[in-house]
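Student: Submitted below is the structure of interest, expressed as structure tokens.
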Amino acid sequence: MIINRIKESKIHNIDFGKLPFGKVFSDHMLICQYKSGKWHTPEIRPYGTLSISAGTQVLHYGQSVFEGMKAFKSDAGELLLFRYMDNYRRLNQSATRLSIPVISENIFKTGLKELLNLDSDWCNKEDGYALYIRPFIFASGECIKASASTEYTFVIITSPSTVYYPKAIDVIIEEHYSRASRGGVGFAKAAGNYASSFYPTKQANRKGFTQIIWTDAKEHRYIEESGTMNIWFRIGNKLVTPELSDSILDGITRRSIISLAKKRGIEVEERKILVKEILDAYHQNNLNECFGTGTAVTVSPIDSITFNSIRMVMAQKGESIALKLKKDLQDIQKGRIEDTFNWVTFLKEI
Ligand SMILES: Cc1ncc(COP(=O)(O)O)c(C=O)c1O
């Protein structure tokens, strides 16, 4: 691997007390090019601009996929990665669906290791902080014919991050727009999925909601997910989350919460959830909690869900399960409790 280090780190110019999500980048990035049918030697260089021409395919047809994962600092100051190989596998699943060549385990692992070795200082040790890691692949061939590219660029950048939603959020159930349809790319982290969500989300923001709850594209009767989170309800004392399909992202935090809840003896159901079921539970005073899960937000409590003109405020009977599970997850991520699931990898072990 070629490594070009930055002359002087920018870290001293950063106010870690005021970190906007996703706007501050660490010193280095990894770049790897796919040309003539193979991925070439990766390179690490100072974080900065990429040079692409106006005819670059991704700009015209959106052939691009990405991942979002996090590293944490233990109290002893060691960098820990959370389930990063799950992200690697999902990146390749997304790539395959978008007709993008997959990345080898060797390029992904060694590239990540070298990059994090250089920039681990960017991960703050205090509670609530993490280093957000963004691997992505885009079509970098120069051609404006509507076709899959023959050239691609794989990049990893990292960004220090802190709490995403400082308080519980208010969401609205979407009845007109759709995020993903059957047979489409909703299960993939395809850039275009996010592009098409911004307009409806802005409309919801204008009405005072933080996020949308997406429903199925065919009938808008079933709950799917919310923003960049999988969604959960506590109905009675049971946790219910929509079952996976090709229009829902198979969240790694979702998988983790299922395991952690079961470990606590909490009943979890993964199944189709009708919007009507949520309304009925609310009217029966049985809708106790709602929360979203995702890498950026970890576990984010949802205060209210609006459907048409009905604002359902969570009854919140008993202790918050969302907050208990959030703590369980964060304790594993920070290496504070035994990692019985084998989710955490020390950087030095990659
Ligand atoms: C659409 C969507 N759903 C759910 C999630 C949560 O997935 P994960 O827990 O793997 O971050 C994300 C974020 O990655 C997302 O973009």
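Letters for chains follow the order of the structure tokens (A, B, ...), residue numbers begin at 1 for each chain, and ligand numbers begin at 1 in the order shown.
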What lies within 12 Å of Glu78 in chain A using only C-alpha atoms, ignoring chain neighbours under 6 positions off, as a ChimeraX atom specification?
Tutor: /A:71-72,116-117,120-121,123-125,333-336,344-349
Student: For the contact check between chain A and ligand 1, emit one row per residue of chain A within 9 Å, containing the shortest atom pair and the distance in Å rounded to one decimal, counting only C-alpha atoms and all ligand atoms, chain then rising number order, as a Markdown table.
Tutor:
| residue | atom | partner | partner_atom_place_in_ligand_line | distance |
| --- | --- | --- | --- | --- |
| A:Glu67 | CA | ligand 1 | 14 (O) | 6.9 |
| A:Gly68 | CA | ligand 1 | 14 (O) | 5.8 |
| A:Met69 | CA | ligand 1 | 11 (O) | 6.7 |
| A:Asp86 | CA | ligand 1 | 10 (O) | 8.5 |
| A:Asn87 | CA | ligand 1 | 10 (O) | 7.3 |
| A:Arg90 | CA | ligand 1 | 10 (O) | 8.7 |
| A:Arg179 | CA | ligand 1 | 1 (C) | 8.6 |
| A:Gly186 | CA | ligand 1 | 1 (C) | 7.4 |
| A:Phe187 | CA | ligand 1 | 1 (C) | 7.9 |
| A:Ala188 | CA | ligand 1 | 1 (C) | 8.4 |
| A:Lys189 | CA | ligand 1 | 16 (O) | 6.5 |
| A:Asn193 | CA | ligand 1 | 1 (C) | 7.8 |
| A:Tyr194 | CA | ligand 1 | 1 (C) | 7.7 |
| A:Glu225 | CA | ligand 1 | 3 (N) | 6.3 |
| A:Ser226 | CA | ligand 1 | 3 (N) | 6.9 |
| A:Gly227 | CA | ligand 1 | 1 (C) | 5.9 |
| A:Thr228 | CA | ligand 1 | 15 (C) | 3.5 |
| A:Met229 | CA | ligand 1 | 4 (C) | 3.9 |
| A:Asn230 | CA | ligand 1 | 4 (C) | 4.6 |
| A:Ile231 | CA | ligand 1 | 4 (C) | 8.2 |
| A:Ile248 | CA | ligand 1 | 3 (N) | 6.7 |
| A:Leu249 | CA | ligand 1 | 3 (N) | 4.8 |
| A:Asp250 | CA | ligand 1 | 7 (O) | 6.5 |
| A:Gly251 | CA | ligand 1 | 7 (O) | 3.4 |
| A:Ile252 | CA | ligand 1 | 10 (O) | 3.7 |
| A:Thr253 | CA | ligand 1 | 9 (O) | 3.6 |
| A:Arg254 | CA | ligand 1 | 9 (O) | 5.5 |
| A:Arg255 | CA | ligand 1 | 9 (O) | 7.7 |
| A:Ser256 | CA | ligand 1 | 9 (O) | 8.3 |
| A:Gly292 | CA | ligand 1 | 6 (C) | 8.5 |
| A:Thr293 | CA | ligand 1 | 9 (O) | 5.9 |
| A:Gly294 | CA | ligand 1 | 9 (O) | 3.5 |
| A:Thr295 | CA | ligand 1 | 11 (O) | 3.6 |
| A:Ala296 | CA | ligand 1 | 11 (O) | 6.4 |
| A:Val297 | CA | ligand 1 | 11 (O) | 8.2 |
| A:Thr298 | CA | ligand 1 | 9 (O) | 7.5 |
Student: So which residues touch range 99-109 of chain A within 7 Å, counting only C-alpha atoms, skipping near sequence neighbours fewer than 5 positions away, as a list in words?
Tutor: Asn92, Ala148 and Ile350 of chain A
Student: List as a PyMOL selection string the protein and nucleic acid residues near range 14-29 of chain A, meaning an atom at most 7 Å away when only C-alpha atoms are counted, but skip any in the same chain fewer than 5 places from it.
Tutor: chain A and resi 6+9+44-47+115+119+122+155-162+164
Student: Write out, as a PDB file, in the first residue's frame, the residues just selected, with N, CA and C atoms.
Tutor:
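Just written: result_2.pdb:
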ATOM      1  N   ILE A   6      -0.056  13.258   5.945  1.00  0.00           N
ATOM      2  CA  ILE A   6      -0.244  14.709   5.995  1.00  0.00           C
ATOM      3  C   ILE A   6       0.970  15.327   6.696  1.00  0.00           C
ATOM      4  N   SER A   9      -1.091  17.664  11.212  1.00  0.00           N
ATOM      5  CA  SER A   9      -2.486  17.303  11.488  1.00  0.00           C
ATOM      6  C   SER A   9      -3.345  18.555  11.697  1.00  0.00           C
ATOM      7  N   ILE A  44      -3.122   5.623   0.649  1.00  0.00           N
ATOM      8  CA  ILE A  44      -3.621   6.544   1.676  1.00  0.00           C
ATOM      9  C   ILE A  44      -2.983   7.894   1.405  1.00  0.00           C
ATOM     10  N   ARG A  45      -3.839   8.929   1.418  1.00  0.00           N
ATOM     11  CA  ARG A  45      -3.307  10.285   1.195  1.00  0.00           C
ATOM     12  C   ARG A  45      -4.069  11.271   2.075  1.00  0.00           C
ATOM     13  N   PRO A  46      -3.563  12.488   2.183  1.00  0.00           N
ATOM     14  CA  PRO A  46      -4.281  13.454   3.021  1.00  0.00           C
ATOM     15  C   PRO A  46      -5.724  13.613   2.537  1.00  0.00           C
ATOM     16  N   TYR A  47      -6.663  13.752   3.470  1.00  0.00           N
ATOM     17  CA  TYR A  47      -8.067  13.957   3.107  1.00  0.00           C
ATOM     18  C   TYR A  47      -8.165  15.195   2.217  1.00  0.00           C
ATOM     19  N   LEU A 115      -5.474   3.153   7.750  1.00  0.00           N
ATOM     20  CA  LEU A 115      -6.113   4.465   7.871  1.00  0.00           C
ATOM     21  C   LEU A 115      -6.384   4.801   9.344  1.00  0.00           C
ATOM     22  N   ASP A 119      -5.160   7.789  11.998  1.00  0.00           N
ATOM     23  CA  ASP A 119      -6.111   8.813  12.459  1.00  0.00           C
ATOM     24  C   ASP A 119      -6.858   8.465  13.750  1.00  0.00           C
ATOM     25  N   TRP A 122      -8.388  10.986  16.239  1.00  0.00           N
ATOM     26  CA  TRP A 122      -9.619  11.703  15.926  1.00  0.00           C
ATOM     27  C   TRP A 122     -10.827  11.108  16.643  1.00  0.00           C
ATOM     28  N   VAL A 155     -13.339   4.480  -1.716  1.00  0.00           N
ATOM     29  CA  VAL A 155     -12.742   5.476  -0.815  1.00  0.00           C
ATOM     30  C   VAL A 155     -13.193   5.174   0.619  1.00  0.00           C
ATOM     31  N   ILE A 156     -12.320   5.414   1.580  1.00  0.00           N
ATOM     32  CA  ILE A 156     -12.773   5.428   2.984  1.00  0.00           C
ATOM     33  C   ILE A 156     -12.357   6.768   3.586  1.00  0.00           C
ATOM     34  N   ILE A 157     -13.343   7.475   4.132  1.00  0.00           N
ATOM     35  CA  ILE A 157     -13.050   8.699   4.881  1.00  0.00           C
ATOM     36  C   ILE A 157     -13.583   8.493   6.295  1.00  0.00           C
ATOM     37  N   THR A 158     -13.104   9.268   7.233  1.00  0.00           N
ATOM     38  CA  THR A 158     -13.595   9.144   8.604  1.00  0.00           C
ATOM     39  C   THR A 158     -13.908  10.531   9.172  1.00  0.00           C
ATOM     40  N   SER A 159     -14.829  10.545  10.123  1.00  0.00           N
ATOM     41  CA  SER A 159     -15.318  11.820  10.632  1.00  0.00           C
ATOM     42  C   SER A 159     -15.631  11.674  12.129  1.00  0.00           C
ATOM     43  N   PRO A 160     -15.022  12.497  12.969  1.00  0.00           N
ATOM     44  CA  PRO A 160     -15.333  12.383  14.398  1.00  0.00           C
ATOM     45  C   PRO A 160     -16.803  12.754  14.632  1.00  0.00           C
ATOM     46  N   SER A 161     -17.484  11.983  15.479  1.00  0.00           N
ATOM     47  CA  SER A 161     -18.909  12.260  15.654  1.00  0.00           C
ATOM     48  C   SER A 161     -19.299  12.195  17.123  1.00  0.00           C
ATOM     49  N   THR A 162     -20.426  12.815  17.387  1.00  0.00           N
ATOM     50  CA  THR A 162     -20.993  12.758  18.731  1.00  0.00           C
ATOM     51  C   THR A 162     -22.497  12.542  18.624  1.00  0.00           C
ATOM     52  N   TYR A 164     -26.245  12.306  17.908  1.00  0.00           N
ATOM     53  CA  TYR A 164     -26.921  12.712  16.670  1.00  0.00           C
ATOM     54  C   TYR A 164     -28.196  13.498  16.968  1.00  0.00           C
TER      55      TYR A 164
END
Student: List as a list in words the protein and nucleic acid residues near Glu269 in chain A, meaning an atom at most 9 Å away when only C-alpha atoms are counted, but skip any in the same chain fewer than 3 places from it.
Tutor: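 So the residues in contact are Lys238, Leu239, Val240, Thr241, Pro242, Glu243 and Ile258 of chain A.
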Student: With only C-alpha atoms as the atoms that count, which of A:Ile235, A:Ala322, A:Val65, A:Ile305 lies nearest to Trp214 in chain A?
Tutor: A:Ile305
Student: Run DSSP on the backbone and give me the residues of range 98-229 of chain A it puts in strand (DSSP E or B), as a count of residues only.
Tutor: 38
Student: Between A:Met1, A:Ala95, A:Ala315, A:Leu112, single out the one closest to Cys290 in chain A, counting only C-alpha atoms.
Tutor: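 Among the listed residues, A:Ala315 lies closest to Cys290 in chain A.
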Student: Could you list, as JSON, numbers by chain, every residue within 10 Å of Asp303 in chain A, counting only C-alpha atoms and ignoring same-chain residues fewer than 6 positions away?
Tutor: {"A": [167, 168, 169, 170, 171, 289, 290, 291, 312, 313, 314, 315, 316]}
Student: Those residues with N, CA and C atoms, as a PDB file, in the first residue's frame please?
Tutor:
ATOM      1  N   LYS A 167     -32.259  14.891  21.756  1.00  0.00           N
ATOM      2  CA  LYS A 167     -33.468  14.526  22.534  1.00  0.00           C
ATOM      3  C   LYS A 167     -34.416  13.694  21.675  1.00  0.00           C
ATOM      4  N   ALA A 168     -35.475  13.191  22.324  1.00  0.00           N
ATOM      5  CA  ALA A 168     -36.440  12.349  21.610  1.00  0.00           C
ATOM      6  C   ALA A 168     -37.039  13.129  20.436  1.00  0.00           C
ATOM      7  N   ILE A 169     -37.375  12.415  19.370  1.00  0.00           N
ATOM      8  CA  ILE A 169     -37.816  13.096  18.153  1.00  0.00           C
ATOM      9  C   ILE A 169     -39.305  12.854  17.866  1.00  0.00           C
ATOM     10  N   ASP A 170     -39.838  13.689  16.964  1.00  0.00           N
ATOM     11  CA  ASP A 170     -41.238  13.558  16.534  1.00  0.00           C
ATOM     12  C   ASP A 170     -41.242  13.152  15.069  1.00  0.00           C
ATOM     13  N   VAL A 171     -42.017  12.145  14.728  1.00  0.00           N
ATOM     14  CA  VAL A 171     -41.997  11.638  13.352  1.00  0.00           C
ATOM     15  C   VAL A 171     -43.422  11.586  12.782  1.00  0.00           C
ATOM     16  N   GLU A 289     -43.786   2.645  23.783  1.00  0.00           N
ATOM     17  CA  GLU A 289     -42.514   3.240  23.374  1.00  0.00           C
ATOM     18  C   GLU A 289     -42.340   3.079  21.884  1.00  0.00           C
ATOM     19  N   CYS A 290     -41.562   3.980  21.324  1.00  0.00           N
ATOM     20  CA  CYS A 290     -41.162   3.833  19.926  1.00  0.00           C
ATOM     21  C   CYS A 290     -39.733   4.346  19.859  1.00  0.00           C
ATOM     22  N   PHE A 291     -38.889   3.684  19.082  1.00  0.00           N
ATOM     23  CA  PHE A 291     -37.516   4.186  18.928  1.00  0.00           C
ATOM     24  C   PHE A 291     -36.920   3.731  17.599  1.00  0.00           C
ATOM     25  N   MET A 312     -49.808  10.661  18.086  1.00  0.00           N
ATOM     26  CA  MET A 312     -49.746   9.610  19.112  1.00  0.00           C
ATOM     27  C   MET A 312     -48.510   9.857  19.977  1.00  0.00           C
ATOM     28  N   VAL A 313     -48.749  10.213  21.229  1.00  0.00           N
ATOM     29  CA  VAL A 313     -47.633  10.439  22.148  1.00  0.00           C
ATOM     30  C   VAL A 313     -47.428   9.146  22.930  1.00  0.00           C
ATOM     31  N   MET A 314     -46.187   8.712  23.035  1.00  0.00           N
ATOM     32  CA  MET A 314     -45.927   7.411  23.658  1.00  0.00           C
ATOM     33  C   MET A 314     -46.341   7.403  25.130  1.00  0.00           C
ATOM     34  N   ALA A 315     -47.010   6.316  25.539  1.00  0.00           N
ATOM     35  CA  ALA A 315     -47.497   6.222  26.920  1.00  0.00           C
ATOM     36  C   ALA A 315     -46.328   6.102  27.902  1.00  0.00           C
ATOM     37  N   GLN A 316     -45.229   5.484  27.427  1.00  0.00           N
ATOM     38  CA  GLN A 316     -44.012   5.350  28.232  1.00  0.00           C
ATOM     39  C   GLN A 316     -44.286   4.747  29.610  1.00  0.00           C
TER      40      GLN A 316
END
